[in-house]
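Next comes run00.txt, a file with compact mmCIF, C-alpha atoms and all ligand atoms.
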```
# COMPACT_ATOMS: atom_id res chain seq x y z
CA MET P 1 96.34 -23.60 32.38
CA ARG P 2 95.55 -24.66 28.80
CA ALA P 3 92.73 -27.21 28.54
CA GLU P 4 93.91 -30.26 26.57
CA LYS P 5 90.42 -31.61 26.04
CA LEU P 6 87.11 -29.84 25.73
CA PHE P 7 83.68 -31.17 26.67
CA GLY P 8 80.31 -29.56 26.16
CA LEU P 9 76.64 -29.58 27.00
CA LEU P 10 73.94 -28.95 24.40
CA GLY P 11 70.55 -27.77 25.61
CA TYR P 12 68.03 -24.96 25.33
CA PRO P 13 67.69 -23.08 27.63
CA ILE P 14 70.85 -24.03 29.45
CA GLY P 15 71.48 -21.28 32.00
CA HIS P 16 70.28 -23.34 34.98
CA SER P 17 72.51 -26.37 34.43
CA LEU P 18 74.80 -27.50 37.23
CA SER P 19 76.78 -29.82 34.93
CA PRO P 20 79.59 -27.31 34.15
CA VAL P 21 80.37 -26.61 37.80
CA MET P 22 80.12 -30.32 38.72
CA GLN P 23 82.27 -31.60 35.84
CA ASN P 24 84.89 -28.83 35.94
CA ASP P 25 85.36 -29.31 39.69
CA GLN P 26 85.86 -33.04 39.09
CA PHE P 27 88.36 -32.47 36.26
CA SER P 28 90.50 -30.27 38.47
CA ASN P 29 90.08 -32.60 41.47
CA GLN P 30 91.39 -35.49 39.34
CA GLY P 31 94.25 -33.32 37.97
CA LEU P 32 92.88 -33.51 34.41
CA PRO P 33 93.55 -30.46 32.20
CA PHE P 34 90.06 -30.59 30.70
CA PHE P 35 87.26 -28.04 30.45
CA TYR P 36 83.45 -28.34 30.19
CA HIS P 37 81.22 -25.61 28.79
CA ALA P 38 77.43 -25.34 28.38
CA PHE P 39 76.18 -24.24 24.95
CA ASN P 40 72.73 -22.73 24.56
CA VAL P 41 71.64 -24.19 21.20
CA PRO P 42 68.10 -23.92 19.81
CA THR P 43 66.76 -26.98 17.92
CA GLU P 44 67.19 -25.41 14.48
CA ASN P 45 70.98 -25.17 15.12
CA LEU P 46 71.48 -28.63 16.62
CA LYS P 47 72.85 -30.36 13.49
CA GLU P 48 75.38 -27.58 12.88
CA ALA P 49 76.37 -27.61 16.56
CA VAL P 50 77.10 -31.37 16.53
CA GLU P 51 79.05 -31.07 13.26
CA GLY P 52 80.85 -28.01 14.62
CA PHE P 53 81.84 -29.92 17.76
CA LYS P 54 83.47 -32.58 15.56
CA ALA P 55 85.25 -29.98 13.45
CA LEU P 56 86.58 -28.35 16.60
CA GLY P 57 87.85 -31.65 18.02
CA ILE P 58 85.56 -31.62 21.08
CA SER P 59 86.13 -34.88 23.00
CA GLY P 60 82.57 -35.45 24.18
CA PHE P 61 79.39 -33.78 25.28
CA ASN P 62 76.19 -34.10 27.25
CA VAL P 63 72.77 -33.49 25.78
CA THR P 64 69.79 -32.19 27.70
CA VAL P 65 66.25 -30.95 27.10
CA PRO P 66 65.03 -30.59 24.35
CA HIS P 67 67.70 -32.36 22.25
CA LYS P 68 68.00 -35.87 23.74
CA ILE P 69 65.97 -37.55 20.97
CA GLU P 70 66.76 -35.29 18.02
CA VAL P 71 70.54 -35.54 18.54
CA MET P 72 70.50 -39.28 17.74
CA LYS P 73 70.12 -38.42 14.02
CA TYR P 74 73.50 -36.75 13.98
CA LEU P 75 75.54 -39.46 15.72
CA ASP P 76 77.58 -42.26 14.11
CA GLU P 77 76.43 -44.95 16.59
CA VAL P 78 74.03 -45.26 19.51
CA ASP P 79 74.58 -47.98 22.13
CA GLU P 80 71.95 -50.61 22.94
CA GLU P 81 70.64 -49.11 26.19
CA ALA P 82 70.25 -45.64 24.64
CA GLN P 83 68.43 -47.19 21.68
CA ILE P 84 65.95 -48.91 24.00
CA ILE P 85 65.45 -45.69 25.94
CA GLY P 86 65.17 -43.80 22.68
CA ALA P 87 67.31 -40.89 23.86
CA VAL P 88 70.97 -39.93 24.32
CA ASN P 89 72.41 -37.77 27.07
CA THR P 90 76.14 -38.50 26.67
CA VAL P 91 78.27 -38.53 23.52
CA VAL P 92 81.88 -39.68 23.25
CA ASN P 93 84.28 -38.91 20.42
CA GLN P 94 85.85 -42.30 19.62
CA ASN P 95 88.32 -42.17 16.72
CA ASP P 96 86.45 -39.24 15.25
CA LYS P 97 83.06 -41.00 15.52
CA TRP P 98 80.27 -39.73 17.74
CA ILE P 99 79.01 -42.60 19.91
CA GLY P 100 75.82 -41.91 21.92
CA TYR P 101 74.94 -43.32 25.33
CA ASN P 102 72.27 -42.73 27.93
CA THR P 103 73.61 -42.56 31.49
CA ASP P 104 70.37 -41.26 33.12
CA GLY P 105 69.02 -44.69 34.05
CA ARG P 106 72.40 -46.03 35.24
CA GLY P 107 72.86 -42.85 37.23
CA TYR P 108 69.49 -43.35 38.85
CA VAL P 109 70.12 -47.02 39.72
CA GLU P 110 73.51 -46.08 41.19
CA SER P 111 71.84 -43.54 43.48
CA LEU P 112 69.15 -46.06 44.44
CA LEU P 113 71.72 -48.74 45.27
CA ASN P 114 73.70 -46.20 47.31
CA LYS P 115 70.53 -45.62 49.28
CA THR P 116 69.37 -49.22 49.71
CA GLY P 117 72.93 -50.59 50.04
CA ASP P 118 71.66 -53.79 48.49
CA THR P 119 70.71 -55.39 45.21
CA LEU P 120 67.22 -54.72 43.91
CA LYS P 121 66.57 -58.36 43.05
CA ASP P 122 64.00 -58.82 45.81
CA SER P 123 62.30 -55.46 45.31
CA ASN P 124 58.76 -54.87 44.20
CA ILE P 125 58.84 -51.45 42.52
CA LEU P 126 56.16 -49.02 41.32
CA VAL P 127 57.14 -46.41 38.73
CA ILE P 128 54.77 -43.46 38.33
CA GLY P 129 55.05 -41.82 34.92
CA ALA P 130 56.07 -42.96 31.45
CA GLY P 131 57.95 -39.99 29.94
CA GLY P 132 61.64 -39.72 28.98
CA ALA P 133 62.98 -40.06 32.52
CA ALA P 134 60.76 -43.09 33.16
CA ARG P 135 62.09 -44.75 29.99
CA ALA P 136 65.65 -44.40 31.28
CA VAL P 137 64.78 -45.56 34.80
CA VAL P 138 62.64 -48.55 33.73
CA THR P 139 65.25 -49.72 31.20
CA ALA P 140 68.09 -49.53 33.74
CA LEU P 141 65.98 -51.27 36.40
CA SER P 142 65.12 -54.05 33.95
CA PHE P 143 68.85 -54.57 33.26
CA GLU P 144 69.36 -54.70 37.04
CA GLY P 145 66.87 -57.58 37.31
CA VAL P 146 64.27 -56.42 39.84
CA ARG P 147 61.69 -58.94 41.07
CA HIS P 148 58.67 -57.07 39.84
CA LEU P 149 58.15 -53.66 38.30
CA ALA P 150 54.78 -51.96 37.77
CA ILE P 151 54.31 -48.84 35.68
CA THR P 152 51.37 -46.49 36.01
CA ASN P 153 50.82 -43.29 34.09
CA ARG P 154 48.12 -40.67 33.62
CA THR P 155 48.09 -41.64 29.93
CA TYR P 156 47.81 -45.43 30.15
CA SER P 157 48.88 -46.11 26.53
CA LYS P 158 52.27 -44.48 27.15
CA ALA P 159 52.91 -46.87 30.04
CA GLU P 160 52.04 -49.80 27.73
CA SER P 161 54.44 -48.51 25.05
CA LEU P 162 57.16 -48.13 27.66
CA LYS P 163 56.78 -51.76 28.71
CA GLU P 164 57.00 -52.88 25.07
CA ARG P 165 60.30 -50.99 24.59
CA VAL P 166 62.06 -53.10 27.21
CA PRO P 167 63.36 -56.38 25.70
CA HIS P 168 62.85 -58.64 28.75
CA HIS P 169 59.59 -57.44 30.26
CA SER P 170 57.91 -60.53 31.67
CA ASN P 171 58.28 -59.10 35.20
CA ILE P 172 56.84 -55.69 34.20
CA SER P 173 53.13 -54.91 34.52
CA VAL P 174 51.14 -51.87 33.49
CA LEU P 175 48.45 -50.67 35.87
CA THR P 176 45.74 -48.06 35.78
CA THR P 177 45.97 -45.38 38.46
CA GLU P 178 43.14 -47.06 40.40
CA GLU P 179 44.81 -50.49 40.27
CA ALA P 180 48.18 -49.11 41.32
CA GLU P 181 46.65 -47.10 44.17
CA LYS P 182 45.04 -50.25 45.54
CA GLU P 183 48.35 -52.11 45.33
CA THR P 184 50.39 -49.32 46.92
CA PRO P 185 50.90 -51.23 50.24
CA ALA P 186 52.67 -54.01 48.28
CA TYR P 187 55.57 -51.89 46.98
CA ASP P 188 59.03 -51.72 48.55
CA ILE P 189 60.02 -48.76 46.38
CA ILE P 190 57.82 -46.12 44.70
CA ILE P 191 59.49 -43.86 42.13
CA ASN P 192 57.95 -40.62 40.92
CA THR P 193 59.23 -39.91 37.42
CA THR P 194 56.52 -37.34 36.63
CA SER P 195 57.09 -33.59 36.85
CA VAL P 196 54.27 -33.29 39.43
CA GLY P 197 55.59 -31.33 42.42
CA MET P 198 58.44 -29.65 40.56
CA SER P 199 59.02 -25.92 41.04
CA PRO P 200 57.04 -23.71 40.60
CA GLU P 201 54.08 -26.08 41.22
CA THR P 202 55.44 -27.29 44.53
CA ASP P 203 52.05 -27.72 46.21
CA LYS P 204 51.14 -30.73 43.99
CA THR P 205 51.78 -34.39 44.81
CA PRO P 206 51.85 -37.33 42.37
CA TRP P 207 50.73 -40.12 44.71
CA ARG P 208 49.06 -40.86 48.03
CA THR P 209 51.27 -41.74 50.99
CA ASP P 210 48.69 -42.85 53.56
CA ASN P 211 48.79 -46.54 52.61
CA LEU P 212 52.51 -47.22 52.13
CA LYS P 213 54.18 -50.49 53.05
CA GLU P 214 56.23 -50.31 56.24
CA ASN P 215 59.83 -49.25 55.37
CA CYS P 216 58.76 -48.23 51.87
CA LEU P 217 61.29 -46.06 50.02
CA CYS P 218 59.71 -43.12 48.15
CA SER P 219 62.02 -41.79 45.47
CA ASP P 220 61.40 -38.58 43.54
CA LEU P 221 63.43 -37.75 40.43
CA ILE P 222 62.77 -34.06 41.07
CA TYR P 223 65.53 -32.07 42.81
CA ASN P 224 63.98 -28.63 42.59
CA PRO P 225 62.79 -28.42 45.32
CA LEU P 226 65.17 -30.77 47.14
CA LYS P 227 62.28 -32.09 49.19
CA THR P 228 59.03 -32.20 47.25
CA LYS P 229 55.72 -32.08 49.06
CA TRP P 230 55.30 -35.77 48.17
CA LEU P 231 58.60 -36.70 49.85
CA ALA P 232 57.68 -34.60 52.91
CA GLU P 233 54.32 -36.37 53.18
CA ALA P 234 55.92 -39.78 52.69
CA GLU P 235 58.46 -39.00 55.40
CA SER P 236 55.74 -37.99 57.84
CA ASN P 237 54.01 -41.31 57.07
CA GLY P 238 57.16 -43.20 58.06
CA ALA P 239 58.75 -43.78 54.64
CA ASP P 240 62.41 -43.43 53.77
CA THR P 241 63.01 -40.95 50.92
CA LEU P 242 65.42 -40.18 48.09
CA ASN P 243 65.43 -37.03 45.96
CA GLY P 244 66.70 -36.55 42.39
CA VAL P 245 70.14 -35.15 43.23
CA GLY P 246 71.67 -38.63 43.26
CA MET P 247 70.36 -39.35 39.77
CA PHE P 248 71.76 -36.08 38.44
CA VAL P 249 75.14 -36.75 40.03
CA GLY P 250 75.06 -40.40 38.91
CA GLN P 251 74.39 -39.59 35.25
CA GLY P 252 77.23 -37.06 35.37
CA ALA P 253 79.54 -39.62 36.98
CA PHE P 254 78.90 -42.21 34.28
CA ALA P 255 79.44 -39.55 31.59
CA PHE P 256 82.72 -38.51 33.27
CA TYR P 257 83.83 -42.15 33.31
CA LYS P 258 83.00 -42.63 29.62
CA TRP P 259 85.04 -39.56 28.69
CA THR P 260 88.06 -40.09 30.96
CA GLY P 261 88.16 -43.77 31.98
CA VAL P 262 88.39 -42.52 35.58
CA TRP P 263 85.60 -43.06 38.12
CA PRO P 264 84.95 -39.66 39.78
CA ASP P 265 84.58 -38.83 43.45
CA LEU P 266 80.79 -39.17 43.80
CA ASN P 267 80.66 -37.58 47.27
CA ARG P 268 82.49 -34.53 46.01
CA MET P 269 80.21 -34.24 42.97
CA ASN P 270 77.23 -34.50 45.27
CA ASP P 271 78.62 -31.79 47.59
CA VAL P 272 79.23 -29.38 44.71
CA VAL P 273 75.67 -29.84 43.45
CA MET P 274 74.16 -29.54 46.93
CA GLN P 275 76.12 -26.32 47.60
CA HIS P 276 74.66 -24.81 44.45
CA LEU P 277 71.15 -25.99 45.28
CA GLY P 278 71.39 -24.43 48.70
CA GLY P 279 71.26 -27.77 50.51
CA LYS P 280 73.61 -29.38 53.02
P1 LIG N 301 58.33 -35.90 30.19
O1 LIG N 301 58.98 -36.77 29.18
O2 LIG N 301 57.64 -34.67 29.74
O3 LIG N 301 57.28 -36.82 31.02
C1 LIG N 301 56.44 -36.25 31.98
C2 LIG N 301 55.69 -37.34 32.73
O4 LIG N 301 54.95 -36.71 33.78
C3 LIG N 301 54.66 -38.11 31.89
O5 LIG N 301 54.54 -39.43 32.37
C4 LIG N 301 53.38 -37.31 32.16
O6 LIG N 301 52.20 -38.05 31.98
C5 LIG N 301 53.55 -37.01 33.63
N1 LIG N 301 52.77 -35.86 34.07
C6 LIG N 301 52.99 -34.55 33.76
N2 LIG N 301 52.05 -33.78 34.35
C7 LIG N 301 51.24 -34.61 35.03
C8 LIG N 301 50.10 -34.43 35.85
N3 LIG N 301 49.60 -33.22 36.09
N4 LIG N 301 49.50 -35.52 36.42
C9 LIG N 301 50.00 -36.75 36.18
N5 LIG N 301 51.09 -37.00 35.42
C10 LIG N 301 51.69 -35.95 34.86
O7 LIG N 301 59.38 -35.40 31.29
P2 LIG N 301 60.72 -36.17 31.78
O8 LIG N 301 61.87 -35.71 30.98
O9 LIG N 301 60.41 -37.61 31.86
O10 LIG N 301 60.92 -35.52 33.25
C11 LIG N 301 60.06 -35.87 34.30
C12 LIG N 301 60.61 -35.36 35.64
O11 LIG N 301 61.86 -36.01 35.92
C13 LIG N 301 60.89 -33.86 35.66
O12 LIG N 301 60.47 -33.35 36.91
C14 LIG N 301 62.40 -33.78 35.55
O13 LIG N 301 62.94 -32.64 36.18
C15 LIG N 301 62.82 -35.04 36.28
N6 LIG N 301 64.15 -35.51 35.85
C16 LIG N 301 65.13 -35.56 36.78
C17 LIG N 301 66.39 -35.99 36.40
C18 LIG N 301 67.51 -36.06 37.43
O14 LIG N 301 68.68 -36.11 37.03
N7 LIG N 301 67.19 -36.07 38.70
C19 LIG N 301 66.65 -36.37 35.07
C20 LIG N 301 65.60 -36.32 34.15
C21 LIG N 301 64.35 -35.87 34.55
P3 LIG N 301 51.47 -38.13 30.53
O15 LIG N 301 52.22 -39.18 29.77
O16 LIG N 301 50.09 -38.53 30.86
O17 LIG N 301 51.57 -36.77 29.92
```
In structure tokens, what does this structure look like?
Ligand code: NAP
Amino acid sequence: MRAEKLFGLLGYPIGHSLSPVMQNDQFSNQGLPFFYHAFNVPTENLKEAVEGFKALGISGFNVTVPHKIEVMKYLDEVDEEAQIIGAVNTVVNQNDKWIGYNTDGRGYVESLLNKTGDTLKDSNILVIGAGGAARAVVTALSFEGVRHLAITNRTYSKAESLKERVPHHSNISVLTTEEAEKETPAYDIIINTTSVGMSPETDKTPWRTDNLKENCLCSDLIYNPLKTKWLAEAESNGADTLNGVGMFVGQGAFAFYKWTGVWPDLNRMNDVVMQHLGGK
């Protein structure tokens, strides 16, 4: 079957990405004659790749490491949330203009709400880390209107800068590691946005789990491994847990929606990703 629309992914290296299998499965499941391909593009070729995509009539693309910031230079517009985050992961061709969005934070909040089954308005949340993923998560959570959000990071100044990026931040505080550790029993949800515990350094943990609030939800953005040592420890201390698969699927779902106007089958996307990660 001839693909009527083409979508891409720009990253470097790109071999590991599950986006092509997830998006192509969803296109065929929805009966859409579209095709998604991952392009391995080093930074020095990024400008030409984005221009080439336009020349070829590509309908939209995702952007991953290391291009999420750099790509913004080559777009015609960047939406408000992506500007606050300072990075783009989804681009849509609208009337021959490249419009950039960031669906990482929305994808994360969607997975969190699927888990909690509730609004987050009464939640007291601790975010560990202040890198790119934290920027997306904190921005989306601030749009969601959580009761209180604390950010702690190894490099304190980066947590302060993150708070300043968010327009309405009166309910956001920045804590040192020592302060946040002391306050750990007060949090309903703790989110690890650092890379601590990610493969291959799977024996590391980003936070203690011996003083968690009862019914605390520990959420790790990492999905390789599916269950980090931190999540395993949290579970054995009675916490509920959430890994990073939902965020990955969620960001892909919002990208799919922006490209097609159709909301995808999230369960099916999740199953495809889990199959490829060797999970259930
Ligand atoms: P990043 O921009 O490089 O930020 C890394 C963060 O981790 C920073 O806050 C950094 O602290 C902290 N960190 C790194 N090593 C540390 C250590 N040894 N001790 C304490 N803190 C440490 O990376 P990112 O793009 O935000 O990605 C972070 C994680 O999120 C990665 O594991 C990535 O795979 C995951 N992620 C998952 C998804 C998903 O879809 N599930 C999407 C995006 C990212 P400093 O500021 O002090 O350096």
Checklist entry - Which neighbours of range 172-176 of chain P fall inside 10 Å, counting all atoms listed in the file, when residues of the same chain fewer than 5 positions from it are skipped, and could you give them as a ChimeraX atom specification? => result /P:125-128,138,142,146-164,166,181,183
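Nearest to ligand LIG 301 (chain N) of all the residues P:Phe61, P:Phe53, P:Tyr108, P:Phe248 is P:Phe248, based on only C-alpha atoms and all ligand atoms.
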Next on the checklist: So that I can check the surroundings of Ala186 in chain P, please list as JSON, numbers by chain every protein, DNA and RNA residue that reaches within 10 Å of it, counting all atoms listed in the file and ignoring chain neighbours fewer than 6 positions away.
Outcome noted: {"P": [124, 125, 126, 180, 211, 212, 213, 214, 216]}
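All polymer residues at most 12 Å from (67.0, -30.0, 17.8), using only C-alpha atoms, appear as Leu10, Gly11, Tyr12, Asn40, Val41, Pro42, Thr43, Glu44, Asn45, Leu46, Lys47, Glu48, Ala49, Val50, Val63, Thr64, Val65, Pro66, His67, Lys68, Ile69, Glu70, Val71, Met72, Lys73 and Tyr74 of chain P.
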Atoms kept (C-alpha atoms) for selection, written as a PDB file, keeping the file's coordinate frame:
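File produced: out_19.pdb:
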```
ATOM      1  CA  LEU P  10      73.940 -28.950  24.400  1.00  0.00           C
ATOM      2  CA  GLY P  11      70.550 -27.770  25.610  1.00  0.00           C
ATOM      3  CA  TYR P  12      68.030 -24.960  25.330  1.00  0.00           C
ATOM      4  CA  ASN P  40      72.730 -22.730  24.560  1.00  0.00           C
ATOM      5  CA  VAL P  41      71.640 -24.190  21.200  1.00  0.00           C
ATOM      6  CA  PRO P  42      68.100 -23.920  19.810  1.00  0.00           C
ATOM      7  CA  THR P  43      66.760 -26.980  17.920  1.00  0.00           C
ATOM      8  CA  GLU P  44      67.190 -25.410  14.480  1.00  0.00           C
ATOM      9  CA  ASN P  45      70.980 -25.170  15.120  1.00  0.00           C
ATOM     10  CA  LEU P  46      71.480 -28.630  16.620  1.00  0.00           C
ATOM     11  CA  LYS P  47      72.850 -30.360  13.490  1.00  0.00           C
ATOM     12  CA  GLU P  48      75.380 -27.580  12.880  1.00  0.00           C
ATOM     13  CA  ALA P  49      76.370 -27.610  16.560  1.00  0.00           C
ATOM     14  CA  VAL P  50      77.100 -31.370  16.530  1.00  0.00           C
ATOM     15  CA  VAL P  63      72.770 -33.490  25.780  1.00  0.00           C
ATOM     16  CA  THR P  64      69.790 -32.190  27.700  1.00  0.00           C
ATOM     17  CA  VAL P  65      66.250 -30.950  27.100  1.00  0.00           C
ATOM     18  CA  PRO P  66      65.030 -30.590  24.350  1.00  0.00           C
ATOM     19  CA  HIS P  67      67.700 -32.360  22.250  1.00  0.00           C
ATOM     20  CA  LYS P  68      68.000 -35.870  23.740  1.00  0.00           C
ATOM     21  CA  ILE P  69      65.970 -37.550  20.970  1.00  0.00           C
ATOM     22  CA  GLU P  70      66.760 -35.290  18.020  1.00  0.00           C
ATOM     23  CA  VAL P  71      70.540 -35.540  18.540  1.00  0.00           C
ATOM     24  CA  MET P  72      70.500 -39.280  17.740  1.00  0.00           C
ATOM     25  CA  LYS P  73      70.120 -38.420  14.020  1.00  0.00           C
ATOM     26  CA  TYR P  74      73.500 -36.750  13.980  1.00  0.00           C
TER      27      TYR P  74
END
```
Give the padded box for ligand LIG 301 (chain N) as lines of an AutoDock Vina configuration file: axis-aligned, covering all atoms listed in the file, 6 Å on each side, centre and edge lengths in Å to one decimal.
```
center_x = 59.1
center_y = -36.0
center_z = 33.9
size_x = 31.2
size_y = 18.8
size_z = 21.5
```
Would you pick out the contacts of range 29-36 of chain P at 6 Å or less, using all atoms listed in the file, so that residues sharing its chain but fewer than 6 positions from it are not included, and give the list as a PDB file with C-alpha atoms, in the coordinates of the input?
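Heads up, here's the output in result-v2.pdb:
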```pdb
ATOM      1  CA  ALA P   3      92.730 -27.210  28.540  1.00  0.00           C
ATOM      2  CA  GLU P   4      93.910 -30.260  26.570  1.00  0.00           C
ATOM      3  CA  LYS P   5      90.420 -31.610  26.040  1.00  0.00           C
ATOM      4  CA  LEU P   6      87.110 -29.840  25.730  1.00  0.00           C
ATOM      5  CA  PHE P   7      83.680 -31.170  26.670  1.00  0.00           C
ATOM      6  CA  GLY P   8      80.310 -29.560  26.160  1.00  0.00           C
ATOM      7  CA  PRO P  20      79.590 -27.310  34.150  1.00  0.00           C
TER       8      PRO P  20
END
```
